[in-house]
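Data from entry25.cif: mmCIF, C-alpha atoms
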```
data_start
loop_
_atom_site.label_atom_id
_atom_site.label_comp_id
_atom_site.auth_asym_id
_atom_site.auth_seq_id
_atom_site.Cartn_x
_atom_site.Cartn_y
_atom_site.Cartn_z
CA MET A 300 108.92 98.49 78.28
CA SER A 301 109.82 95.78 80.77
CA GLY A 302 108.37 97.91 83.58
CA LEU A 303 105.06 98.25 81.71
CA ARG A 304 104.99 94.50 81.05
CA GLU A 305 105.54 93.76 84.73
CA ARG A 306 102.77 96.15 85.73
CA LYS A 307 100.40 94.44 83.32
CA LYS A 308 101.32 91.05 84.74
CA GLN A 309 100.75 92.33 88.26
CA ALA A 310 97.37 93.77 87.26
CA THR A 311 96.36 90.45 85.71
CA ARG A 312 97.46 88.54 88.80
CA GLU A 313 95.50 90.92 91.03
CA ALA A 314 92.39 90.65 88.85
CA LEU A 315 92.52 86.86 88.89
CA SER A 316 93.05 86.68 92.62
CA TRP A 317 90.23 89.10 93.39
CA ALA A 318 87.91 87.22 91.03
CA ALA A 319 88.80 83.93 92.74
CA LEU A 320 88.17 85.39 96.17
CA ARG A 321 84.93 87.16 95.30
CA LEU A 322 83.40 84.25 93.41
CA SER A 323 84.37 81.82 96.17
CA VAL A 324 82.77 84.02 98.80
CA GLU A 325 79.61 84.49 96.74
CA ARG A 326 79.14 80.92 95.46
CA GLY A 327 81.20 78.73 97.76
CA VAL A 328 84.71 77.69 96.81
CA GLU A 329 83.60 74.19 95.77
CA ASN A 330 81.26 75.75 93.18
CA VAL A 331 83.92 77.85 91.45
CA LEU A 332 85.97 76.57 88.51
CA VAL A 333 89.18 77.95 87.07
CA GLU A 334 87.18 78.74 83.95
CA ASP A 335 84.80 80.88 86.00
CA ILE A 336 87.65 82.85 87.51
CA ALA A 337 89.37 83.38 84.18
CA ASN A 338 86.14 84.51 82.53
CA ASP A 339 85.38 86.93 85.34
CA ALA A 340 88.86 88.45 85.00
CA GLY A 341 88.58 88.63 81.22
CA VAL A 342 91.35 86.15 80.38
CA SER A 343 91.60 82.55 79.21
CA PRO A 344 91.99 79.52 81.52
CA ARG A 345 95.44 79.05 79.97
CA THR A 346 96.39 82.54 81.15
CA PHE A 347 95.11 81.68 84.62
CA ASN A 348 97.43 78.64 84.67
CA ASN A 349 100.38 80.89 83.79
CA TYR A 350 99.84 82.76 87.07
CA PHE A 351 98.45 80.26 89.56
CA ALA A 352 98.71 76.52 90.08
CA SER A 353 95.20 76.25 91.52
CA LYS A 354 92.14 78.27 92.47
CA TYR A 355 93.20 77.95 96.10
CA GLU A 356 96.51 79.65 95.40
CA ALA A 357 94.65 82.41 93.55
CA ILE A 358 92.23 82.89 96.47
CA THR A 359 94.99 83.39 99.03
CA TRP A 360 97.44 85.35 96.86
CA ARG A 361 95.95 88.79 97.65
CA GLU A 362 96.33 88.25 101.37
CA PHE A 363 99.96 87.22 101.14
CA ASN A 364 100.85 89.79 98.50
CA ARG A 365 99.75 92.64 100.74
CA ALA A 366 101.28 91.04 103.81
CA MET A 367 104.64 90.78 102.02
CA GLN A 368 104.55 94.56 101.50
CA ILE A 369 104.64 95.22 105.25
CA GLY A 370 108.40 94.63 105.30
CA ASP A 371 109.05 97.18 102.55
CA LEU A 372 106.90 99.78 104.30
CA LEU A 373 108.69 99.13 107.60
CA ARG A 374 112.06 99.68 105.93
CA ALA A 375 110.83 103.06 104.67
CA ARG A 376 109.53 104.34 108.03
CA PRO A 377 111.31 107.32 109.69
CA GLU A 378 114.55 106.37 111.44
CA GLY A 379 113.62 107.90 114.78
CA GLU A 380 110.35 106.01 115.02
CA SER A 381 110.11 103.08 117.42
CA LEU A 382 110.03 99.56 115.98
CA TRP A 383 106.52 98.85 117.21
CA GLN A 384 105.12 102.14 115.97
CA GLY A 385 106.68 101.44 112.58
CA ILE A 386 105.22 97.94 112.48
CA THR A 387 101.78 99.21 113.47
CA GLU A 388 101.70 101.98 110.87
CA SER A 389 103.01 99.66 108.15
CA ILE A 390 100.36 97.03 108.82
CA LEU A 391 97.53 99.55 109.01
CA ALA A 392 98.69 101.18 105.77
CA VAL A 393 98.68 97.86 103.93
CA TYR A 394 95.36 96.56 105.17
CA HIS A 395 93.50 99.84 104.92
CA ALA A 396 94.82 100.85 101.50
CA GLN A 397 94.25 97.48 99.83
CA MET A 398 91.09 96.25 101.50
CA PRO A 399 87.96 96.44 99.30
CA GLU A 400 84.94 98.26 100.65
CA GLY A 401 83.18 94.96 101.26
CA GLU A 402 85.94 93.93 103.65
CA ARG A 403 86.20 97.28 105.45
CA ASP A 404 82.49 97.56 106.28
CA PRO A 405 81.20 94.10 105.44
CA ALA A 406 77.69 93.03 104.59
CA PRO A 407 76.44 89.94 106.45
CA GLY A 408 76.47 87.85 103.27
CA TRP A 409 80.11 88.67 102.59
CA VAL A 410 81.27 87.71 106.07
CA GLU A 411 79.34 84.45 105.98
CA GLY A 412 80.87 83.63 102.61
CA VAL A 413 84.37 84.31 103.92
CA ARG A 414 83.62 82.15 106.95
CA ARG A 415 82.64 79.21 104.76
CA MET A 416 85.57 79.71 102.41
CA THR A 417 88.17 79.76 105.19
CA GLN A 418 86.87 76.44 106.51
CA ASN A 419 87.81 74.71 103.25
CA PRO A 420 90.77 72.33 103.88
CA GLN A 421 92.54 73.28 100.63
CA VAL A 422 92.25 76.99 101.42
CA ILE A 423 93.55 76.38 104.94
CA GLY A 424 96.52 74.42 103.58
CA GLU A 425 97.37 77.16 101.08
CA MET A 426 97.22 79.79 103.80
CA LEU A 427 99.52 77.84 106.09
CA ARG A 428 102.07 77.48 103.29
CA GLY A 429 102.12 81.21 102.76
CA TYR A 430 102.46 82.35 106.36
CA GLN A 431 106.07 81.19 106.74
CA ALA A 432 107.23 83.17 103.71
CA VAL A 433 105.50 86.28 105.05
CA GLN A 434 107.03 85.79 108.49
CA ASN A 435 110.51 85.41 107.03
CA GLU A 436 110.12 88.59 104.97
CA LEU A 437 108.86 90.61 107.93
CA ALA A 438 111.60 89.22 110.19
CA ALA A 439 114.23 90.28 107.65
CA ALA A 440 112.84 93.82 107.63
CA ILE A 441 112.77 93.90 111.44
CA GLY A 442 116.37 92.70 111.57
CA GLU A 443 117.42 95.46 109.19
CA ARG A 444 115.50 98.00 111.21
CA LEU A 445 117.27 96.90 114.39
CA GLY A 446 120.64 96.52 112.70
CA THR A 447 121.16 92.99 113.99
CA ASP A 448 122.39 89.81 112.34
CA ASP A 449 120.69 87.67 115.00
CA ASP A 450 117.40 86.51 113.48
CA LEU A 451 115.92 85.00 116.66
CA TYR A 452 114.31 88.17 118.04
CA PRO A 453 113.11 89.39 114.61
CA GLN A 454 111.49 86.00 113.99
CA ILE A 455 109.80 86.10 117.40
CA VAL A 456 108.49 89.61 116.77
CA ALA A 457 107.32 88.76 113.25
CA GLY A 458 105.60 85.64 114.55
CA ALA A 459 103.82 87.62 117.26
CA VAL A 460 102.70 90.29 114.82
CA LEU A 461 101.33 87.83 112.29
CA SER A 462 99.61 85.86 115.04
CA ALA A 463 97.86 89.06 116.13
CA VAL A 464 96.73 89.68 112.55
CA ARG A 465 95.40 86.13 112.26
CA VAL A 466 93.53 86.47 115.56
CA VAL A 467 91.91 89.64 114.26
CA GLN A 468 90.97 87.92 111.02
CA SER A 469 89.37 85.07 112.97
CA ARG A 470 87.47 87.48 115.23
CA TRP A 471 86.32 89.49 112.22
CA ILE A 472 85.05 86.39 110.44
CA ALA A 473 83.26 85.08 113.53
CA ALA A 474 81.73 88.40 114.66
CA ASP A 475 77.92 88.45 114.80
CA PRO A 476 76.81 91.06 113.98
CA PRO A 477 79.64 91.92 111.57
CA VAL A 478 82.22 94.50 112.67
CA PRO A 479 84.64 96.67 110.66
CA PHE A 480 88.07 95.11 110.26
CA GLY A 481 90.20 98.25 110.68
CA PRO A 482 89.34 99.22 114.29
CA LEU A 483 89.68 95.60 115.39
CA LEU A 484 93.16 95.42 113.85
CA ARG A 485 94.24 98.70 115.42
CA THR A 486 93.08 97.51 118.87
CA ALA A 487 95.03 94.25 118.56
CA LEU A 488 98.19 96.04 117.48
CA ARG A 489 97.85 98.51 120.35
CA LYS A 490 97.58 95.66 122.84
CA LEU A 491 100.63 93.98 121.31
CA THR A 492 102.57 97.24 121.56
CA GLU A 493 101.56 97.69 125.19
CA MET A 494 102.84 94.19 125.96
CA GLN A 495 106.27 95.34 124.79
CA GLY A 496 106.25 98.22 127.26
CA GLU A 497 105.70 100.96 124.69
CA SER A 498 102.96 103.54 124.83
CA PRO A 499 100.31 103.05 122.11
#
```
Can you give me the file's structure in the form of structure tokens?
Amino acid sequence: MSGLRERKKQATREALSWAALRLSVERGVENVLVEDIANDAGVSPRTFNNYFASKYEAITWREFNRAMQIGDLLRARPEGESLWQGITESILAVYHAQMPEGERDPAPGWVEGVRRMTQNPQVIGEMLRGYQAVQNELAAAIGERLGTDDDLYPQIVAGAVLSAVRVVQSRWIAADPPVPFGPLLRTALRKLTEMQGESP
């Protein structure tokens, strides 16, 4: 029963976060109220407040939720696989599997909406707060993968990987005409792998 309850909570959180993101892209984040998000997700504003402290937290939650899963996927990769291949496949699995169609092959209106949304100071601040938690989680998985207690190298690798992802996100948002996200991400990860002296 507890497992079912947790799945329902996760589904509600995902619905609220997607509603917050979609409405903010379509209308502009300044034109979206908590009540709008709750109504779109089919819950009350009180329920929204049980899951998120603000609409900005709801907007960014999907991104950080899927990014936090990269560490778990890396831990589950085959033992004989190289670290960088494991990181690449884990990241591609997360972003491809959980990216809505509008993000994979975006319409011009969607990209422009994302561009405006990500220029909002409150959204930027919320994103910056989340990146460190994601980096720490990925670094922990890298350390386990390498079997080392020294967290310096894992933190450096995790920081480089997340920086590459952020560069791709920035390029994707700025691209005119719009470009698919997946191939851009794969290219960036291949370049990062090549910098480490591994074949792509």
Report, in Å to a single decimal, how far apart CA of Val433 in chain A and CA of Leu445 in chain A are.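 Between CA of Leu445 in chain A and CA of Val433 in chain A the gap is 18.4 Å.
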Quick one: everything within 10 Å of range 311-321 of chain A, counting all atoms listed in the file, minus sequence neighbours fewer than 3 positions away in the same chain. Send it as number ranges by chain. A: 305-308, 324-328, 331-333, 335-342, 346-347, 349-351, 354-362, 364, 399, 401, 409, 412-413, 416
Using C-alpha atoms, can you export the residues from the last selection as a PDB file, in the frame of the given file?
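Result saved to again_28.pdb:
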```pdb
ATOM      1  CA  GLU A 305     105.540  93.760  84.730  1.00  0.00           C
ATOM      2  CA  ARG A 306     102.770  96.150  85.730  1.00  0.00           C
ATOM      3  CA  LYS A 307     100.400  94.440  83.320  1.00  0.00           C
ATOM      4  CA  LYS A 308     101.320  91.050  84.740  1.00  0.00           C
ATOM      5  CA  VAL A 324      82.770  84.020  98.800  1.00  0.00           C
ATOM      6  CA  GLU A 325      79.610  84.490  96.740  1.00  0.00           C
ATOM      7  CA  ARG A 326      79.140  80.920  95.460  1.00  0.00           C
ATOM      8  CA  GLY A 327      81.200  78.730  97.760  1.00  0.00           C
ATOM      9  CA  VAL A 328      84.710  77.690  96.810  1.00  0.00           C
ATOM     10  CA  VAL A 331      83.920  77.850  91.450  1.00  0.00           C
ATOM     11  CA  LEU A 332      85.970  76.570  88.510  1.00  0.00           C
ATOM     12  CA  VAL A 333      89.180  77.950  87.070  1.00  0.00           C
ATOM     13  CA  ASP A 335      84.800  80.880  86.000  1.00  0.00           C
ATOM     14  CA  ILE A 336      87.650  82.850  87.510  1.00  0.00           C
ATOM     15  CA  ALA A 337      89.370  83.380  84.180  1.00  0.00           C
ATOM     16  CA  ASN A 338      86.140  84.510  82.530  1.00  0.00           C
ATOM     17  CA  ASP A 339      85.380  86.930  85.340  1.00  0.00           C
ATOM     18  CA  ALA A 340      88.860  88.450  85.000  1.00  0.00           C
ATOM     19  CA  GLY A 341      88.580  88.630  81.220  1.00  0.00           C
ATOM     20  CA  VAL A 342      91.350  86.150  80.380  1.00  0.00           C
ATOM     21  CA  THR A 346      96.390  82.540  81.150  1.00  0.00           C
ATOM     22  CA  PHE A 347      95.110  81.680  84.620  1.00  0.00           C
ATOM     23  CA  ASN A 349     100.380  80.890  83.790  1.00  0.00           C
ATOM     24  CA  TYR A 350      99.840  82.760  87.070  1.00  0.00           C
ATOM     25  CA  PHE A 351      98.450  80.260  89.560  1.00  0.00           C
ATOM     26  CA  LYS A 354      92.140  78.270  92.470  1.00  0.00           C
ATOM     27  CA  TYR A 355      93.200  77.950  96.100  1.00  0.00           C
ATOM     28  CA  GLU A 356      96.510  79.650  95.400  1.00  0.00           C
ATOM     29  CA  ALA A 357      94.650  82.410  93.550  1.00  0.00           C
ATOM     30  CA  ILE A 358      92.230  82.890  96.470  1.00  0.00           C
ATOM     31  CA  THR A 359      94.990  83.390  99.030  1.00  0.00           C
ATOM     32  CA  TRP A 360      97.440  85.350  96.860  1.00  0.00           C
ATOM     33  CA  ARG A 361      95.950  88.790  97.650  1.00  0.00           C
ATOM     34  CA  GLU A 362      96.330  88.250 101.370  1.00  0.00           C
ATOM     35  CA  ASN A 364     100.850  89.790  98.500  1.00  0.00           C
ATOM     36  CA  PRO A 399      87.960  96.440  99.300  1.00  0.00           C
ATOM     37  CA  GLY A 401      83.180  94.960 101.260  1.00  0.00           C
ATOM     38  CA  TRP A 409      80.110  88.670 102.590  1.00  0.00           C
ATOM     39  CA  GLY A 412      80.870  83.630 102.610  1.00  0.00           C
ATOM     40  CA  VAL A 413      84.370  84.310 103.920  1.00  0.00           C
ATOM     41  CA  MET A 416      85.570  79.710 102.410  1.00  0.00           C
TER      42      MET A 416
END
```
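Proximity ranking of A:Thr387, A:Ala366, A:Ala438, A:Val393 relative to Thr486 in chain A places A:Thr387 first, based on all atoms listed in the file.
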What's the separation between CA of Glu411 in chain A and CA of Ile472 in chain A, in Å to one decimal place?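 Separation of CA of Glu411 in chain A and CA of Ile472 in chain A: 7.5 Å.
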Surrounding residues of Ile369 in chain A excluding itself and chain neighbours under 2 positions, 6 Å, only C-alpha atoms, as a short mmCIF file (atom, residue, chain, number, x, y, z; two decimals) with C-alpha atoms, in the coordinates of the input:
```cif
data_model
loop_
_atom_site.label_atom_id
_atom_site.label_comp_id
_atom_site.auth_asym_id
_atom_site.auth_seq_id
_atom_site.Cartn_x
_atom_site.Cartn_y
_atom_site.Cartn_z
CA ALA A 366 101.28 91.04 103.81
CA MET A 367 104.64 90.78 102.02
CA ASP A 371 109.05 97.18 102.55
CA LEU A 372 106.90 99.78 104.30
CA SER A 389 103.01 99.66 108.15
CA ILE A 390 100.36 97.03 108.82
#
```
Taking the file as I've supplied it (selection: the PyMOL selection byres ((chain A and resi 468) around 12)), which residues are included? Please answer as a PDB file with C-alpha atoms, in the coordinates of the input.
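expr19.pdb, written as the output of this step:
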```pdb
ATOM      1  CA  GLU A 362      96.330  88.250 101.370  1.00  0.00           C
ATOM      2  CA  TYR A 394      95.360  96.560 105.170  1.00  0.00           C
ATOM      3  CA  GLU A 402      85.940  93.930 103.650  1.00  0.00           C
ATOM      4  CA  ARG A 403      86.200  97.280 105.450  1.00  0.00           C
ATOM      5  CA  VAL A 410      81.270  87.710 106.070  1.00  0.00           C
ATOM      6  CA  VAL A 413      84.370  84.310 103.920  1.00  0.00           C
ATOM      7  CA  ARG A 414      83.620  82.150 106.950  1.00  0.00           C
ATOM      8  CA  THR A 417      88.170  79.760 105.190  1.00  0.00           C
ATOM      9  CA  LEU A 461     101.330  87.830 112.290  1.00  0.00           C
ATOM     10  CA  SER A 462      99.610  85.860 115.040  1.00  0.00           C
ATOM     11  CA  ALA A 463      97.860  89.060 116.130  1.00  0.00           C
ATOM     12  CA  VAL A 464      96.730  89.680 112.550  1.00  0.00           C
ATOM     13  CA  ARG A 465      95.400  86.130 112.260  1.00  0.00           C
ATOM     14  CA  VAL A 466      93.530  86.470 115.560  1.00  0.00           C
ATOM     15  CA  VAL A 467      91.910  89.640 114.260  1.00  0.00           C
ATOM     16  CA  SER A 469      89.370  85.070 112.970  1.00  0.00           C
ATOM     17  CA  ARG A 470      87.470  87.480 115.230  1.00  0.00           C
ATOM     18  CA  TRP A 471      86.320  89.490 112.220  1.00  0.00           C
ATOM     19  CA  ILE A 472      85.050  86.390 110.440  1.00  0.00           C
ATOM     20  CA  ALA A 473      83.260  85.080 113.530  1.00  0.00           C
ATOM     21  CA  ALA A 474      81.730  88.400 114.660  1.00  0.00           C
ATOM     22  CA  VAL A 478      82.220  94.500 112.670  1.00  0.00           C
ATOM     23  CA  PRO A 479      84.640  96.670 110.660  1.00  0.00           C
ATOM     24  CA  PHE A 480      88.070  95.110 110.260  1.00  0.00           C
ATOM     25  CA  GLY A 481      90.200  98.250 110.680  1.00  0.00           C
ATOM     26  CA  PRO A 482      89.340  99.220 114.290  1.00  0.00           C
ATOM     27  CA  LEU A 483      89.680  95.600 115.390  1.00  0.00           C
ATOM     28  CA  LEU A 484      93.160  95.420 113.850  1.00  0.00           C
ATOM     29  CA  ALA A 487      95.030  94.250 118.560  1.00  0.00           C
TER      30      ALA A 487
END
```
Determine the nearest neighbour of Glu334 in chain A from the options A:Ser353, A:Pro420, A:Ala439, A:Ala432, counting all atoms listed in the file.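 Comparing A:Ser353, A:Pro420, A:Ala439, A:Ala432 against Glu334 in chain A, the winner is A:Ser353.
Taking CA of Arg376 in chain A as the reference point, CA of Ala392 in chain A is found at 11.5 Å.
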Padded axis-aligned box of range 353-360 of chain A (4 Å per side), centre and edge lengths, Å, one decimal, as JSON:
```
{"center_x": 94.8, "center_y": 80.8, "center_z": 95.3, "size_x": 13.3, "size_y": 17.1, "size_z": 15.5}
```
Hey, what's within 12 Å of Val456 in chain A if we count all atoms listed in the file and toss same-chain stuff fewer than 3 positions away? As a PyMOL selection string, please? chain A and resi 382-383+386+434-442+445+450-453+459-463+491-492+494-495
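Of the listed residues (A:Gln384, A:Phe363, A:Pro476, A:Gly379), A:Phe363 comes nearest to Leu427 in chain A; the distances count all atoms listed in the file.
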For Val422 in chain A, the nearest of the candidates A:Ser343, A:Asn330, A:Ser323, A:Gln309, counting all atoms listed in the file: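 Among A:Ser343, A:Asn330, A:Ser323, A:Gln309, it is A:Ser323 that comes nearest to Val422 in chain A.
Of the listed residues (A:Leu303, A:Gln431, A:Pro344, A:Glu425), A:Gln431 comes nearest to Ala457 in chain A; the distances count all atoms listed in the file.
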